[in-house]
Every structure is written in structure tokens, then in C-alpha cells.
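Heads up, the thing below is written out as C-alpha cells.
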Amino acid sequence: MSFTLATWNINSVRLREDLVARLMAEQQPDILCLQECKSPVDKIPLEQFQALGYHFIVARGQKGYNGVAILSKLPIADAGEKDFATMGHARHVAARLENGVTIHNCYVPAGGDIPDRTQNEKFGQKLDFLTDMRDYFRAEKPERAILVGDLNIAPREDDVWDHKKLLKIVSHTPIEVEHFNQVMEAGDWADVTRNDLPQGKLYSWWSYRAADWDSADKGRRLDHIWASRDIAAAAHGSRILRDTRGWTQPSDHVPVFATFDL
């Protein structure tokens, strides 16, 4: 069984319904995982997606904030969710394919602007979310599993436009990277994207604040695809669809793809 999976922080699935449909039509991933849907599940605009062959959905939503959805051409079953950091946010959902592979779709909190939990509650929530993820995957070691999503951390020096300048910027601080790596180690996760594309700068997010995001190119790799070690070798074909950042009314994130032969 071969399937291609994409993950994309869409920054409102209702506002960007046509962009989702365009990606589906042009790229045709078998499975599309969305974050920051900003919609209750019953308000997600499914008609256009179903017309393009995405007949299966597993999602968790809330009005105006957060929200995660897995849209699939392949049959999927709801495999639950975890309320990491006990915030009551729709930030995780899991689905299971018929071949037994479980897909975790995660939206880690951004963490605000100040990288100090004593001054910024949101930063503390981000670290607690990652700690809960670590503990969960340490207790229940993932097997035949894929984890994707906007993890809101660019872990490597070449995952940001300037490592030294971003060391004190939320998403690339040493404490966040340490927590990120602890989650990876706890689940023995493999970084599929970097296994395929080990060298060079890679970005999946460019700020709306940049007047010309393309020429300035001050990006960060915040969106990730991981695989449990037992199936990591089955992953290939990783790519980041940079061009979508230039579409009309785009998300500030772009889709990340990988193909699995399982």
C-alpha cells in the first residue's frame, strides 16, 4: 500500500476552502492533515472536498481557534485525541488506516512572543504541551505510526533563516528545541523530511509581517512529518510546496509532503 500524505496549517479552513480544494486538485495527496482550522467540525466545508474524492474525515474543532482535521481518500477510523497540557483545546486528533497505521495530527501552541514562562503564560503552556507529549509517547511507544503537524518549533540551525539571530525568538530557543527533541526521543520518532532532505535550509513558514516574503526569505521549518522507527524506512519523496505561500490570501504556512510504501 502506497500513499502520499500532506500536512498544512491552513489558518482557517473556511476562509481558505478554495486553497484546500486547489491543493487537493493539483497535488492529490491521499491524506491531508490540516491544523488551525478555526471551525467547529460541523462547519468544516466538506462538499467541495468530497467532490474531489476526500470522503473520509476525522476532526476535532472549536469556534474561531485551533482545530485539527484529517481528510482522506482512503478509509480512516477515529483513533481518539489527547488534551495535552489539559487546556481544552482542539490540538490533537488521531486516525487509523485499514493497514493499521495510526496518524497523529498535532497543533502545538505557538507560545507567544516572550520565551519566559514567568512572564508569558502561553510559553509555559507550550512547554507543558510538549512535556505531556513526551510522557504520552514514552508510556505508549508508537508502532506503525506517523505524526504530523504544525509543531511550532524549528529545531535545527538550518531550519531557520539565521540561527544566531533567532536563538532568543520563540520557536527556536534552546529550551523549546530541547523539549522538541525529548518528544522525538520518547517515541523514537524519525524526522522523515530531514531523512529525505538532510542538507540545506528548509522552511515551511514565512511571516505575514514581511513585505516581500519571497525575496526576504526569512523562513522557519515549523511543520513536520515524523514516522515511528519501525516504518521510517518506508517513507520517501519528501517535499515542501513553497509556491502556495504566494497564492491569493495564503496561509503563512505551506504544505509538507511525504510518501509511504506500507
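Chain labels run A, B, ... following the order of the C-alpha cells; each chain numbers its residues from 1, and ligands are numbered from 1 in the order shown.
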Legend entry - Selection near Pro198 (chain A), 12 Å with only C-alpha atoms, sequence-local residues under 3 positions removed, as number ranges by chain: A: 156, 158-159, 191-195, 201-202, 238-239
Legend entry - Per-residue DSSP, region 62-155 of chain A, filtered to strand (DSSP E or B), as a PyMOL selection string: chain A and resi 68-72+76-78+92-97+102-107+145-150
Inset, instruction - Name the residues in contact with region 241-250 of chain A at a cut-off of 8 Å, using only C-alpha atoms, excluding same-chain residues fewer than 4 positions from it; report them as a list in words. - result: Arg16, Leu19, Ser204, Trp206, Val254, Pro255, Val256 and Phe257 of chain A
Legend entry - Neighbour list for region 105-107 of chain A as a PyMOL selection string, cut-off 6 Å, only C-alpha atoms, skip fewer than 6 positions in-chain: chain A and resi 35+91-93+148-151
May I have a table of the residues of region 201-240 of chain A lying at most 10 Å from region 168-189 of chain A, giving each one's closest pair of atoms and their distance in Å to one decimal, counting only C-alpha atoms, ordered by chain and ascending residue number, as a tab-separated table?
residue	atom	partner	partner_atom	distance
A:Arg220	CA	A:Ser171	CA	8.6
A:Arg221	CA	A:Ser171	CA	9.5
A:Leu222	CA	A:Ser171	CA	7.8
A:Ile225	CA	A:Trp189	CA	9.6
A:Trp226	CA	A:Trp189	CA	5.9
A:Ala227	CA	A:Trp189	CA	5.5
A:Ser228	CA	A:Trp189	CA	4.7
A:Arg229	CA	A:Trp189	CA	5.9
A:Asp230	CA	A:Trp189	CA	9.3
A:Ile231	CA	A:Trp189	CA	9.9
A:Ala232	CA	A:Trp189	CA	8.3
Please write the residues from the selection above to a file, keeping N, CA and C atoms, as a compact mmCIF listing (two decimals), in the first residue's frame.
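Done, and the output landed in again20.txt:
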# COMPACT_ATOMS: atom_id res chain seq x y z
N ARG A 220 11.07 29.70 8.50
CA ARG A 220 11.37 28.71 9.54
C ARG A 220 10.65 27.41 9.19
N ARG A 221 11.24 26.29 9.55
CA ARG A 221 10.59 24.98 9.33
C ARG A 221 9.84 24.61 10.61
N LEU A 222 8.57 24.95 10.64
CA LEU A 222 7.74 24.71 11.81
C LEU A 222 6.83 23.49 11.65
N ILE A 225 6.85 16.10 9.57
CA ILE A 225 6.33 14.74 9.38
C ILE A 225 7.32 13.78 10.02
N TRP A 226 6.83 13.03 11.00
CA TRP A 226 7.64 12.03 11.68
C TRP A 226 7.04 10.65 11.42
N ALA A 227 7.89 9.64 11.57
CA ALA A 227 7.42 8.25 11.49
C ALA A 227 8.06 7.44 12.61
N SER A 228 7.30 6.50 13.16
CA SER A 228 7.89 5.61 14.15
C SER A 228 8.99 4.80 13.48
N ARG A 229 9.96 4.40 14.27
CA ARG A 229 11.18 3.82 13.71
C ARG A 229 10.89 2.57 12.87
N ASP A 230 9.84 1.82 13.22
CA ASP A 230 9.57 0.57 12.51
C ASP A 230 9.09 0.77 11.08
N ILE A 231 8.62 1.99 10.75
CA ILE A 231 8.16 2.23 9.38
C ILE A 231 8.90 3.38 8.71
N ALA A 232 9.90 3.94 9.39
CA ALA A 232 10.58 5.13 8.86
C ALA A 232 11.23 4.85 7.50
Inset, instruction - Name the closest residue to Ala94 (chain A) among the candidates A:His55, A:His253, A:Lys122, A:Arg60; distances are taken between atoms, counting only C-alpha atoms. - result: A:Arg60
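The nearest approach to His163 (chain A) among the residues A:Glu143, A:Leu23, A:Gly219, A:Asn99, with only C-alpha atoms taken into account, belongs to A:Gly219.
Residue nearest Gly100 (chain A), chosen from A:Ala211, A:Leu5, A:Ala79, A:Leu127 and counting only C-alpha atoms: A:Ala79.
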Inset, instruction - Considering only C-alpha atoms, return as a ChimeraX atom specification whatever protein or nucleic-acid residues lie within 7 Å of Cys33 (chain A), sequence-local ones (same chain, fewer than 4 positions apart) excluded. - result: /A:6-8,69-71,105
